[in-house]
$ cat target_19.json   # JSON, C-alpha atoms
[["chain", "number", "residue", "atom", "x", "y", "z"],
["A", 568, "MET", "CA", 12.11, 55.46, 44.40],
["A", 569, "ARG", "CA", 14.92, 57.82, 43.38],
["A", 570, "MET", "CA", 18.42, 56.47, 43.99],
["A", 571, "PRO", "CA", 20.46, 58.79, 46.26],
["A", 572, "PRO", "CA", 23.78, 60.04, 44.85],
["A", 573, "PHE", "CA", 26.93, 58.03, 45.55],
["A", 574, "ARG", "CA", 30.34, 57.57, 43.96],
["A", 575, "VAL", "CA", 31.27, 54.16, 42.50],
["A", 576, "LEU", "CA", 34.89, 52.95, 42.54],
["A", 577, "SER", "CA", 35.89, 49.94, 40.42],
["A", 578, "PRO", "CA", 39.22, 48.35, 41.43],
["A", 579, "LYS", "CA", 40.74, 45.70, 39.16],
["A", 580, "SER", "CA", 42.49, 43.69, 41.88],
["A", 581, "LEU", "CA", 42.10, 42.81, 45.53],
["A", 582, "ASP", "CA", 45.12, 44.91, 46.49],
["A", 583, "GLU", "CA", 43.68, 47.92, 44.70],
["A", 584, "ALA", "CA", 40.33, 47.45, 46.44],
["A", 585, "LEU", "CA", 41.97, 47.31, 49.86],
["A", 586, "THR", "CA", 44.03, 50.40, 49.06],
["A", 587, "MET", "CA", 40.83, 52.27, 48.19],
["A", 588, "SER", "CA", 39.21, 51.14, 51.44],
["A", 589, "ARG", "CA", 42.22, 52.31, 53.45],
["A", 590, "GLU", "CA", 42.28, 55.72, 51.77],
["A", 591, "LEU", "CA", 38.55, 56.25, 52.34],
["A", 592, "SER", "CA", 38.78, 55.15, 55.96],
["A", 593, "GLU", "CA", 41.76, 57.40, 56.65],
["A", 594, "SER", "CA", 39.88, 60.37, 55.19],
["A", 595, "GLY", "CA", 36.84, 59.66, 57.37],
["A", 596, "GLU", "CA", 34.63, 58.71, 54.43],
["A", 597, "GLU", "CA", 32.05, 55.93, 54.76],
["A", 598, "PHE", "CA", 31.62, 53.34, 52.00],
["A", 599, "ASP", "CA", 29.99, 50.02, 51.16],
["A", 600, "TRP", "CA", 31.37, 47.06, 49.27],
["A", 601, "VAL", "CA", 28.98, 46.04, 46.49],
["A", 602, "ALA", "CA", 29.06, 42.58, 44.93],
["A", 603, "GLY", "CA", 25.97, 41.69, 42.89],
["A", 604, "GLY", "CA", 24.00, 44.54, 44.44],
["A", 605, "THR", "CA", 20.72, 42.60, 44.55],
["A", 606, "ASP", "CA", 20.16, 43.56, 48.20],
["A", 607, "LEU", "CA", 22.32, 46.66, 48.69],
["A", 608, "LEU", "CA", 20.94, 48.68, 45.76],
["A", 609, "PRO", "CA", 17.26, 48.14, 46.65],
["A", 610, "ASN", "CA", 18.12, 49.25, 50.19],
["A", 611, "TYR", "CA", 19.77, 52.36, 48.76],
["A", 612, "LYS", "CA", 16.60, 53.09, 46.81],
["A", 613, "TRP", "CA", 14.68, 52.91, 50.09],
["A", 614, "HIS", "CA", 17.33, 55.23, 51.60],
["A", 615, "ILE", "CA", 18.39, 52.60, 54.13],
["A", 616, "ASN", "CA", 21.91, 53.27, 55.49],
["A", 617, "VAL", "CA", 23.21, 54.93, 52.33],
["A", 618, "LYS", "CA", 26.96, 55.61, 52.07],
["A", 619, "ARG", "CA", 28.64, 58.31, 49.96],
["A", 620, "HIS", "CA", 31.00, 55.84, 48.30],
["A", 621, "VAL", "CA", 30.59, 52.30, 46.93],
["A", 622, "ILE", "CA", 33.49, 50.03, 45.99],
["A", 623, "SER", "CA", 32.44, 47.52, 43.33],
["A", 624, "LEU", "CA", 34.10, 44.09, 43.41],
["A", 625, "SER", "CA", 32.76, 43.02, 40.00],
["A", 626, "SER", "CA", 36.08, 43.42, 38.15],
["A", 627, "ILE", "CA", 38.26, 41.41, 40.55],
["A", 628, "ALA", "CA", 38.84, 38.09, 38.80],
["A", 629, "GLU", "CA", 40.52, 36.35, 41.76],
["A", 630, "LEU", "CA", 37.26, 36.55, 43.72],
["A", 631, "ARG", "CA", 35.40, 34.53, 41.06],
["A", 632, "GLU", "CA", 37.36, 31.28, 41.38],
["A", 633, "ILE", "CA", 35.45, 28.15, 42.32],
["A", 634, "SER", "CA", 36.51, 24.56, 43.02],
["A", 635, "GLU", "CA", 35.35, 21.66, 45.16],
["A", 636, "GLU", "CA", 37.11, 23.07, 48.22],
["A", 637, "SER", "CA", 37.10, 26.84, 47.59],
["A", 638, "ILE", "CA", 34.36, 29.29, 46.60],
["A", 639, "GLY", "CA", 35.20, 32.90, 45.76],
["A", 640, "ALA", "CA", 33.07, 35.66, 47.25],
["A", 641, "MET", "CA", 32.12, 36.93, 43.78],
["A", 642, "VAL", "CA", 30.97, 33.57, 42.44],
["A", 643, "SER", "CA", 27.36, 34.06, 41.39],
["A", 644, "ILE", "CA", 24.60, 32.14, 43.14],
["A", 645, "ASN", "CA", 23.59, 30.67, 39.79],
["A", 646, "GLU", "CA", 27.11, 29.45, 39.06],
["A", 647, "LEU", "CA", 27.31, 27.89, 42.51],
["A", 648, "ALA", "CA", 24.00, 26.10, 41.92],
["A", 649, "GLU", "CA", 25.08, 24.72, 38.55],
["A", 650, "HIS", "CA", 28.81, 24.07, 39.02],
["A", 651, "GLU", "CA", 29.78, 20.41, 38.85],
["A", 652, "SER", "CA", 32.00, 20.63, 41.95],
["A", 653, "THR", "CA", 29.35, 22.14, 44.24],
["A", 654, "HIS", "CA", 28.14, 19.91, 47.08],
["A", 655, "PRO", "CA", 24.59, 18.71, 46.24],
["A", 656, "VAL", "CA", 22.97, 20.19, 49.36],
["A", 657, "LEU", "CA", 24.72, 23.52, 48.83],
["A", 658, "ALA", "CA", 23.60, 23.48, 45.19],
["A", 659, "LYS", "CA", 20.00, 22.89, 46.29],
["A", 660, "ALA", "CA", 20.15, 25.79, 48.76],
["A", 661, "ALA", "CA", 21.63, 28.06, 46.08],
["A", 662, "ASP", "CA", 18.99, 27.02, 43.55],
["A", 663, "SER", "CA", 16.23, 27.90, 46.05],
["A", 664, "ILE", "CA", 17.29, 31.55, 46.23],
["A", 665, "ALA", "CA", 14.94, 34.06, 44.61],
["A", 666, "SER", "CA", 14.65, 33.85, 40.80],
["A", 667, "VAL", "CA", 17.20, 32.94, 38.13],
["A", 668, "MET", "CA", 17.72, 36.63, 37.30],
["A", 669, "ILE", "CA", 18.60, 37.38, 40.93],
["A", 670, "ARG", "CA", 20.82, 34.30, 41.14],
["A", 671, "ARG", "CA", 22.78, 35.41, 38.08],
["A", 672, "SER", "CA", 23.60, 38.73, 39.74],
["A", 673, "GLY", "CA", 23.71, 37.82, 43.44],
["A", 674, "THR", "CA", 26.95, 36.42, 44.83],
["A", 675, "VAL", "CA", 28.08, 33.95, 47.48],
["A", 676, "GLY", "CA", 29.78, 36.67, 49.54],
["A", 677, "GLY", "CA", 26.76, 38.93, 49.25],
["A", 678, "ASN", "CA", 24.42, 36.17, 50.39],
["A", 679, "ILE", "CA", 26.56, 35.33, 53.42],
["A", 680, "CYS", "CA", 26.84, 39.01, 54.37],
["A", 681, "LEU", "CA", 23.17, 39.72, 53.64],
["A", 682, "ASP", "CA", 21.78, 42.55, 55.73],
["A", 683, "THR", "CA", 19.20, 41.53, 58.29],
["A", 684, "ARG", "CA", 15.60, 42.30, 57.49],
["A", 685, "CYS", "CA", 12.61, 43.58, 59.46],
["A", 686, "TYR", "CA", 9.36, 45.05, 58.23],
["A", 687, "TRP", "CA", 9.92, 48.10, 60.44],
["A", 688, "ILE", "CA", 12.99, 49.17, 58.44],
["A", 689, "ASN", "CA", 12.67, 47.56, 54.99],
["A", 690, "GLN", "CA", 10.23, 50.25, 53.93],
["A", 691, "SER", "CA", 10.47, 53.66, 52.29],
["A", 692, "GLU", "CA", 12.12, 56.52, 54.17],
["A", 693, "THR", "CA", 8.78, 58.36, 54.32],
["A", 694, "TRP", "CA", 7.10, 55.35, 55.92],
["A", 695, "ARG", "CA", 9.91, 54.91, 58.47],
["A", 696, "GLU", "CA", 9.77, 58.57, 59.39],
["A", 697, "SER", "CA", 6.01, 58.33, 59.94],
["A", 698, "ILE", "CA", 6.52, 55.77, 62.74],
["A", 699, "ASP", "CA", 9.30, 57.82, 64.38],
["A", 700, "TRP", "CA", 11.94, 55.44, 62.99],
["A", 701, "CYS", "CA", 13.23, 52.32, 64.74],
["A", 702, "HIS", "CA", 16.40, 51.19, 66.51],
["A", 703, "LYS", "CA", 18.05, 50.12, 63.23],
["A", 704, "CYS", "CA", 17.09, 53.30, 61.38],
["A", 705, "ASP", "CA", 19.69, 55.42, 59.63],
["A", 706, "CYS", "CA", 18.61, 58.73, 61.15],
["A", 707, "GLY", "CA", 20.57, 58.71, 64.40],
["A", 708, "THR", "CA", 17.55, 59.38, 66.62],
["A", 709, "GLY", "CA", 18.21, 56.59, 69.12],
["A", 710, "ALA", "CA", 14.68, 55.29, 68.62],
["A", 711, "ASP", "CA", 13.42, 52.21, 70.41],
["A", 712, "CYS", "CA", 12.97, 48.82, 68.76],
["A", 713, "ARG", "CA", 9.47, 48.45, 67.29],
["A", 714, "VAL", "CA", 9.49, 44.66, 67.65],
["A", 715, "ILE", "CA", 10.48, 44.60, 71.33],
["A", 716, "PRO", "CA", 9.19, 47.90, 72.81],
["A", 717, "ASN", "CA", 11.09, 50.09, 75.26],
["A", 718, "GLN", "CA", 14.60, 48.92, 74.41],
["A", 719, "ASN", "CA", 17.24, 50.30, 72.06],
["A", 720, "THR", "CA", 20.25, 48.21, 72.94],
["A", 721, "LEU", "CA", 19.68, 45.19, 70.68],
["A", 722, "CYS", "CA", 18.35, 44.93, 67.13],
["A", 723, "VAL", "CA", 16.34, 41.77, 66.45],
["A", 724, "ALA", "CA", 16.12, 42.13, 62.66],
["A", 725, "THR", "CA", 16.20, 38.67, 61.05],
["A", 726, "TYR", "CA", 19.00, 37.08, 59.02],
["A", 727, "GLN", "CA", 17.31, 35.62, 55.93],
["A", 728, "ALA", "CA", 19.96, 34.03, 53.71],
["A", 729, "ASP", "CA", 20.07, 30.43, 52.50],
["A", 730, "LEU", "CA", 23.72, 29.45, 52.04],
["A", 731, "ALA", "CA", 25.02, 29.90, 55.58],
["A", 732, "PRO", "CA", 23.27, 26.95, 57.31],
["A", 733, "VAL", "CA", 24.48, 24.43, 54.73],
["A", 734, "LEU", "CA", 28.01, 25.84, 54.80],
["A", 735, "MET", "CA", 28.01, 25.74, 58.61],
["A", 736, "CYS", "CA", 27.00, 22.06, 58.54],
["A", 737, "LEU", "CA", 29.81, 21.36, 56.06],
["A", 738, "GLY", "CA", 32.35, 22.95, 58.43],
["A", 739, "ALA", "CA", 33.18, 25.88, 56.15],
["A", 740, "THR", "CA", 35.90, 28.42, 56.88],
["A", 741, "ILE", "CA", 35.45, 32.05, 55.85],
["A", 742, "HIS", "CA", 38.43, 34.16, 54.75],
["A", 743, "LEU", "CA", 38.57, 37.93, 55.23],
["A", 744, "ALA", "CA", 40.93, 40.67, 54.03],
["A", 745, "SER", "CA", 41.48, 44.28, 55.02],
["A", 746, "PRO", "CA", 44.28, 46.86, 54.77],
["A", 747, "LYS", "CA", 45.51, 45.45, 58.11],
["A", 748, "GLY", "CA", 45.94, 41.95, 56.71],
["A", 749, "LYS", "CA", 44.06, 38.68, 56.31],
["A", 750, "ARG", "CA", 42.31, 36.40, 58.78],
["A", 751, "SER", "CA", 40.20, 33.25, 58.71],
["A", 752, "MET", "CA", 37.68, 31.65, 61.04],
["A", 753, "SER", "CA", 34.94, 29.07, 61.18],
["A", 754, "LEU", "CA", 31.80, 30.39, 59.49],
["A", 755, "CYS", "CA", 29.96, 29.71, 62.76],
["A", 756, "ASP", "CA", 32.17, 32.36, 64.42],
["A", 757, "PHE", "CA", 31.57, 34.95, 61.69],
["A", 758, "PHE", "CA", 28.11, 36.05, 62.81],
["A", 759, "LYS", "CA", 27.25, 38.33, 65.75],
["A", 760, "LEU", "CA", 23.90, 38.18, 67.53],
["A", 761, "ASP", "CA", 22.74, 41.69, 66.66],
["A", 762, "GLY", "CA", 20.64, 42.74, 63.69],
["A", 763, "MET", "CA", 22.73, 45.88, 63.16],
["A", 764, "THR", "CA", 26.26, 44.54, 63.63],
["A", 765, "ARG", "CA", 25.43, 41.19, 61.94],
["A", 766, "ASN", "CA", 28.97, 39.85, 61.70],
["A", 767, "VAL", "CA", 32.59, 40.39, 62.76],
["A", 768, "LEU", "CA", 33.65, 42.40, 59.70],
["A", 769, "GLU", "CA", 35.62, 45.46, 60.71],
["A", 770, "PRO", "CA", 35.50, 48.79, 58.79],
["A", 771, "GLY", "CA", 37.26, 48.31, 55.44],
["A", 772, "GLU", "CA", 37.24, 44.51, 55.71],
["A", 773, "MET", "CA", 35.70, 42.17, 53.16],
["A", 774, "VAL", "CA", 35.04, 38.48, 52.50],
["A", 775, "THR", "CA", 37.36, 36.99, 49.87],
["A", 776, "HIS", "CA", 36.37, 33.32, 49.76],
["A", 777, "ILE", "CA", 34.98, 30.28, 51.55],
["A", 778, "THR", "CA", 36.84, 26.99, 51.92],
["A", 779, "LEU", "CA", 35.43, 23.56, 52.72],
["A", 780, "PRO", "CA", 37.25, 20.72, 54.50],
["A", 781, "GLU", "CA", 38.51, 17.72, 52.54],
["A", 782, "ASP", "CA", 35.75, 15.50, 53.88],
["A", 783, "ALA", "CA", 32.91, 17.79, 52.71],
["A", 784, "SER", "CA", 31.93, 15.32, 50.00],
["A", 785, "ASP", "CA", 31.43, 12.62, 52.63],
["A", 786, "TRP", "CA", 28.41, 14.46, 54.05],
["A", 787, "SER", "CA", 24.90, 13.75, 52.79],
["A", 788, "GLY", "CA", 21.78, 15.68, 53.65],
["A", 789, "ASP", "CA", 19.08, 18.10, 52.63],
["A", 790, "TYR", "CA", 17.96, 21.72, 52.89],
["A", 791, "GLN", "CA", 14.31, 22.62, 53.42],
["A", 792, "LYS", "CA", 12.84, 26.10, 53.27],
["A", 793, "LEU", "CA", 9.63, 27.96, 54.14],
["A", 794, "ARG", "CA", 8.78, 31.04, 52.09],
["A", 795, "GLN", "CA", 5.74, 32.97, 51.00],
["A", 796, "ARG", "CA", 6.39, 32.74, 47.23],
["A", 797, "GLU", "CA", 8.54, 30.36, 45.23],
["A", 798, "SER", "CA", 10.07, 32.92, 42.87],
["A", 799, "TRP", "CA", 11.35, 35.62, 45.17],
["A", 800, "ASP", "CA", 10.99, 35.56, 48.93],
["A", 801, "PHE", "CA", 13.65, 35.20, 51.57],
["A", 802, "PRO", "CA", 13.35, 32.16, 53.85],
["A", 803, "GLU", "CA", 10.86, 32.57, 56.68],
["A", 804, "ALA", "CA", 12.57, 29.46, 58.03],
["A", 805, "GLY", "CA", 15.32, 27.29, 56.62],
["A", 806, "VAL", "CA", 16.71, 24.01, 57.97],
["A", 807, "ALA", "CA", 19.84, 22.18, 56.82],
["A", 808, "VAL", "CA", 20.47, 18.64, 58.07],
["A", 809, "LEU", "CA", 23.68, 16.85, 57.05],
["A", 810, "TRP", "CA", 25.07, 13.54, 58.18],
["A", 811, "LYS", "CA", 27.94, 11.12, 57.67],
["A", 812, "GLY", "CA", 27.50, 7.39, 57.25],
["A", 813, "ASP", "CA", 24.34, 5.32, 57.59],
["A", 814, "GLU", "CA", 24.94, 1.58, 57.77],
["A", 815, "GLY", "CA", 21.57, 0.74, 59.29],
["A", 816, "ASP", "CA", 22.59, 1.77, 62.80],
["A", 817, "GLY", "CA", 22.15, 5.47, 62.16],
["A", 818, "PRO", "CA", 24.59, 8.21, 61.17],
["A", 819, "SER", "CA", 28.11, 8.40, 62.57],
["A", 820, "ASN", "CA", 27.90, 12.20, 62.62],
["A", 821, "LEU", "CA", 25.03, 14.66, 62.38],
["A", 822, "ARG", "CA", 24.70, 18.44, 62.04],
["A", 823, "VAL", "CA", 21.64, 20.69, 61.96],
["A", 824, "ALA", "CA", 21.56, 24.44, 61.24],
["A", 825, "THR", "CA", 18.75, 26.96, 60.79],
["A", 826, "THR", "CA", 18.26, 30.34, 59.15],
["A", 827, "GLY", "CA", 15.51, 32.95, 58.78],
["A", 828, "LEU", "CA", 14.55, 32.71, 62.44],
["A", 829, "GLU", "CA", 16.87, 35.00, 64.41],
["A", 830, "SER", "CA", 19.50, 37.69, 63.81],
["A", 831, "ILE", "CA", 22.06, 35.03, 62.89],
["A", 832, "PRO", "CA", 21.98, 31.52, 61.44],
["A", 833, "SER", "CA", 22.47, 28.88, 64.13],
["A", 834, "LEU", "CA", 24.27, 25.53, 64.27],
["A", 835, "HIS", "CA", 22.38, 23.31, 66.74],
["A", 836, "SER", "CA", 25.27, 21.19, 68.02],
["A", 837, "GLU", "CA", 23.76, 20.05, 71.33],
["A", 838, "GLU", "CA", 20.50, 18.92, 69.73],
["A", 839, "ALA", "CA", 22.38, 16.96, 67.04],
["A", 840, "LYS", "CA", 24.69, 15.41, 69.65],
["A", 841, "GLY", "CA", 21.72, 14.25, 71.71],
["A", 842, "ALA", "CA", 20.15, 12.62, 68.66],
["A", 843, "LEU", "CA", 23.35, 10.76, 67.83],
["A", 844, "GLU", "CA", 23.74, 9.41, 71.36],
["A", 845, "ASN", "CA", 20.22, 7.96, 71.39],
["A", 846, "TRP", "CA", 19.59, 7.09, 67.77],
["A", 847, "SER", "CA", 16.52, 4.97, 67.11],
["A", 848, "GLY", "CA", 15.39, 6.06, 63.67],
["A", 849, "VAL", "CA", 11.97, 7.68, 63.29],
["A", 850, "GLU", "CA", 11.54, 8.24, 67.03],
["A", 851, "THR", "CA", 14.86, 10.07, 67.23],
["A", 852, "VAL", "CA", 13.99, 12.29, 64.25],
["A", 853, "GLU", "CA", 10.76, 13.23, 66.03],
["A", 854, "ILE", "CA", 12.68, 14.15, 69.19],
["A", 855, "LEU", "CA", 15.34, 16.02, 67.20],
["A", 856, "SER", "CA", 12.72, 18.01, 65.28],
["A", 857, "GLU", "CA", 10.96, 19.01, 68.49],
["A", 858, "SER", "CA", 14.25, 20.05, 70.10],
["A", 859, "ILE", "CA", 15.08, 22.30, 67.12],
["A", 860, "ARG", "CA", 11.59, 23.82, 67.33],
["A", 861, "LYS", "CA", 12.17, 24.67, 70.98],
["A", 862, "ALA", "CA", 15.66, 26.05, 70.30],
["A", 863, "VAL", "CA", 14.70, 28.74, 67.77],
["A", 864, "LYS", "CA", 13.32, 32.10, 68.87],
["A", 865, "PRO", "CA", 11.71, 33.98, 65.97],
["A", 866, "VAL", "CA", 10.08, 37.36, 66.58],
["A", 867, "GLN", "CA", 7.21, 39.20, 64.89],
["A", 868, "ASN", "CA", 9.11, 41.03, 62.16],
["A", 869, "THR", "CA", 8.59, 38.93, 59.02],
["A", 870, "TRP", "CA", 5.56, 37.83, 57.01],
["A", 871, "PHE", "CA", 4.59, 34.69, 58.96],
["A", 872, "SER", "CA", 3.92, 34.66, 62.70],
["A", 873, "PRO", "CA", 6.62, 33.41, 65.11],
["A", 874, "SER", "CA", 4.40, 30.51, 66.27],
["A", 875, "TYR", "CA", 3.83, 29.31, 62.71],
["A", 876, "ARG", "CA", 7.51, 29.58, 61.82],
["A", 877, "ARG", "CA", 8.45, 27.50, 64.90],
["A", 878, "LYS", "CA", 5.89, 24.85, 63.99],
["A", 879, "MET", "CA", 7.26, 24.74, 60.48],
["A", 880, "VAL", "CA", 10.84, 24.35, 61.75],
["A", 881, "LYS", "CA", 9.77, 20.98, 63.16],
["A", 882, "VAL", "CA", 8.16, 20.03, 59.85],
["A", 883, "LEU", "CA", 11.18, 21.17, 57.82],
["A", 884, "THR", "CA", 13.58, 19.24, 60.06],
["A", 885, "LYS", "CA", 11.57, 16.05, 59.54],
["A", 886, "ARG", "CA", 11.53, 16.61, 55.79],
["A", 887, "ALA", "CA", 15.30, 17.19, 55.72],
["A", 888, "CYS", "CA", 15.80, 13.86, 57.54],
["A", 889, "ARG", "CA", 13.73, 11.78, 55.11],
["A", 890, "LYS", "CA", 16.70, 10.42, 53.20],
["A", 891, "LEU", "CA", 18.36, 9.50, 56.48],
["A", 892, "LEU", "CA", 15.46, 7.17, 57.31],
["A", 893, "VAL", "CA", 15.43, 5.43, 53.94],
["A", 894, "SER", "CA", 16.94, 1.99, 54.42]]

$ encode --input "target_19.json" --output "structure tokens"
Amino acid sequence: MRMPPFRVLSPKSLDEALTMSRELSESGEEFDWVAGGTDLLPNYKWHINVKRHVISLSSIAELREISEESIGAMVSINELAEHESTHPVLAKAADSIASVMIRRSGTVGGNICLDTRCYWINQSETWRESIDWCHKCDCGTGADCRVIPNQNTLCVATYQADLAPVLMCLGATIHLASPKGKRSMSLCDFFKLDGMTRNVLEPGEMVTHITLPEDASDWSGDYQKLRQRESWDFPEAGVAVLWKGDEGDGPSNLRVATTGLESIPSLHSEEAKGALENWSGVETVEILSESIRKAVKPVQNTWFSPSYRRKMVKVLTKRACRKLLVS
């Protein structure tokens, strides 16, 4: 595919990047932030939502800082996976992403802000035109959704990134910056249930870093993932289970989050709370796994069928709880 023309801007600092975004916005010009480009540039090649300008964040050193409690948006997935201060479950999730070549280019911020995917839009422009487009198309036709017919008010494209569920279970806070100022929020509040909007980022706003609470190291757990191929594919389903304490009477705290199943990753607080209140080991894990299976609502827009993905959510939840049941 031939890459469409666009202009690349390369700021050297965060302030310079935000100044560029303000100037473009004030002049009515659309632009994209590009981090590692492992998702954005392939989409551009497919002519999916191409912008005339791209602001590269690759030269901004302050976005590459990493410590036990703070992860810059431009930290590479590979560095996150291998860094000594990275939480073990987060490192496992990072190491499961694509191939090592992708992980060396892809970034933490890019993974969190990953565009939603659907096999009705992640195709060539010629193919999309042949089906009269879809609700998420970039042609402005107002076409209906191909997954759920006769509606064009909600996009159900699927969020398929690996880091978010683990970070949500760890209680991560996401930090944003724009020409209007800075703001922070729980990562759970960052996502919006719409495959087009995806998150709360406003025009000209970007992710700068992620912070973890002081007690992040106290959490143990696991991340389990379903995918078609080991070396490349996005998660068809991903389950993170993290817990605090286990003195024989069960965990003192428990969190479960999923990805690859809906338009946003989900933290299943009620299901985890119910398991804690009635903990009885293996039986409780069985009940918890079934409750997570019932809670997720995948649709037919990825490789595996919705029914299979739901069945596998139960299996993945059980697998992620294995270490919790080891006495």

$ residues_around --input "target_19.json" --residues "region 637-640 of chain A" --least-positions-apart "5" --cutoff "7 Å" --atoms "only C-alpha atoms" --output "ChimeraX atom specification"
/A:630-632,674-676,774-779

$ write_last_selection --input "target_19.json" --atoms "C-alpha atoms" --output "compact mmCIF listing (two decimals), in the coordinates of the input"
# COMPACT_ATOMS: atom_id res chain seq x y z
CA LEU A 630 37.26 36.55 43.72
CA ARG A 631 35.40 34.53 41.06
CA GLU A 632 37.36 31.28 41.38
CA THR A 674 26.95 36.42 44.83
CA VAL A 675 28.08 33.95 47.48
CA GLY A 676 29.78 36.67 49.54
CA VAL A 774 35.04 38.48 52.50
CA THR A 775 37.36 36.99 49.87
CA HIS A 776 36.37 33.32 49.76
CA ILE A 777 34.98 30.28 51.55
CA THR A 778 36.84 26.99 51.92
CA LEU A 779 35.43 23.56 52.72

$ atom_distance --input "target_19.json" --atom1 "CA of Gln718 (chain A)" --atom2 "CA of Asp800 (chain A)"
29.0 Å

$ residues_near_point --input "target_19.json" --point "(14.4, 12.4, 64.4)" --cutoff "12 Å" --atoms "all atoms listed in the file" --output "number ranges by chain"
A: 808, 817-818, 821, 823, 838-843, 845-859, 881-892

$ closest_residue --input "target_19.json" --among "A:Arg670, A:His654, A:His614, A:Arg796" --to "Asn689 (chain A)" --atoms "all atoms listed in the file"
A:His614

$ atom_distance --input "target_19.json" --atom1 "CA of Ala710 (chain A)" --atom2 "CA of Asn678 (chain A)"
28.2 Å

$ residues_near_point --input "target_19.json" --point "(34.9, 35.6, 64.2)" --cutoff "12 Å" --atoms "only C-alpha atoms" --output "compact mmCIF listing (two decimals) with C-alpha atoms, keeping the file's coordinate frame"
# COMPACT_ATOMS: atom_id res chain seq x y z
CA THR A 740 35.90 28.42 56.88
CA ILE A 741 35.45 32.05 55.85
CA HIS A 742 38.43 34.16 54.75
CA LEU A 743 38.57 37.93 55.23
CA ARG A 750 42.31 36.40 58.78
CA SER A 751 40.20 33.25 58.71
CA MET A 752 37.68 31.65 61.04
CA SER A 753 34.94 29.07 61.18
CA LEU A 754 31.80 30.39 59.49
CA CYS A 755 29.96 29.71 62.76
CA ASP A 756 32.17 32.36 64.42
CA PHE A 757 31.57 34.95 61.69
CA PHE A 758 28.11 36.05 62.81
CA LYS A 759 27.25 38.33 65.75
CA LEU A 760 23.90 38.18 67.53
CA ARG A 765 25.43 41.19 61.94
CA ASN A 766 28.97 39.85 61.70
CA VAL A 767 32.59 40.39 62.76
CA LEU A 768 33.65 42.40 59.70
CA GLU A 769 35.62 45.46 60.71

$ closest_residue --input "target_19.json" --among "A:Lys659, A:Glu781, A:Leu607, A:Ser666" --to "Ser798 (chain A)" --atoms "only C-alpha atoms"
A:Ser666

$ closest_residue --input "target_19.json" --among "A:Glu837, A:Asp606, A:Glu651, A:Glu635" --to "Phe801 (chain A)" --atoms "only C-alpha atoms"
A:Asp606

$ closest_residue --input "target_19.json" --among "A:Val893, A:Met879, A:Val733, A:Ile615" --to "Glu692 (chain A)" --atoms "only C-alpha atoms"
A:Ile615

$ closest_residue --input "target_19.json" --among "A:Pro578, A:Gly788, A:Pro732, A:Pro802" --to "Thr825 (chain A)" --atoms "all atoms listed in the file"
A:Pro732

$ atom_distance --input "target_19.json" --atom1 "CA of Leu576 (chain A)" --atom2 "CA of Leu624 (chain A)"
8.9 Å

$ closest_residue --input "target_19.json" --among "A:Ser836, A:Ser626, A:Ser634, A:Ser745" --to "Thr586 (chain A)" --atoms "only C-alpha atoms"
A:Ser745

$ decode --input "target_19.json" --residues "region 840-851 of chain A" --atoms "N, CA and C atoms" --output "tab-separated table (two decimals), in the first residue's frame"
chain	number	residue	atom	x	y	z
A	840	LYS	N	-15.30	-8.49	44.26
A	840	LYS	CA	-15.82	-8.26	45.62
A	840	LYS	C	-16.61	-9.47	46.11
A	841	GLY	N	-17.45	-10.01	45.22
A	841	GLY	CA	-18.24	-11.18	45.59
A	841	GLY	C	-17.37	-12.38	45.93
A	842	ALA	N	-16.28	-12.55	45.19
A	842	ALA	CA	-15.37	-13.66	45.45
A	842	ALA	C	-14.68	-13.51	46.80
A	843	LEU	N	-14.29	-12.28	47.13
A	843	LEU	CA	-13.63	-12.04	48.41
A	843	LEU	C	-14.55	-12.32	49.59
A	844	GLU	N	-15.81	-11.94	49.46
A	844	GLU	CA	-16.76	-12.09	50.56
A	844	GLU	C	-17.09	-13.55	50.85
A	845	ASN	N	-16.92	-14.42	49.84
A	845	ASN	CA	-17.29	-15.82	50.02
A	845	ASN	C	-16.15	-16.76	49.62
A	846	TRP	N	-14.94	-16.41	50.04
A	846	TRP	CA	-13.78	-17.16	49.58
A	846	TRP	C	-13.74	-18.58	50.14
A	847	SER	N	-13.59	-19.53	49.24
A	847	SER	CA	-13.45	-20.93	49.66
A	847	SER	C	-12.52	-21.69	48.73
A	848	GLY	N	-11.52	-20.99	48.20
A	848	GLY	CA	-10.52	-21.62	47.37
A	848	GLY	C	-10.98	-21.97	45.98
A	849	VAL	N	-10.81	-23.23	45.59
A	849	VAL	CA	-11.09	-23.68	44.23
A	849	VAL	C	-12.53	-23.40	43.83
A	850	GLU	N	-13.47	-23.63	44.73
A	850	GLU	CA	-14.88	-23.39	44.42
A	850	GLU	C	-15.13	-21.93	44.10
A	851	THR	N	-14.50	-21.03	44.84
A	851	THR	CA	-14.68	-19.61	44.60
A	851	THR	C	-14.08	-19.20	43.26
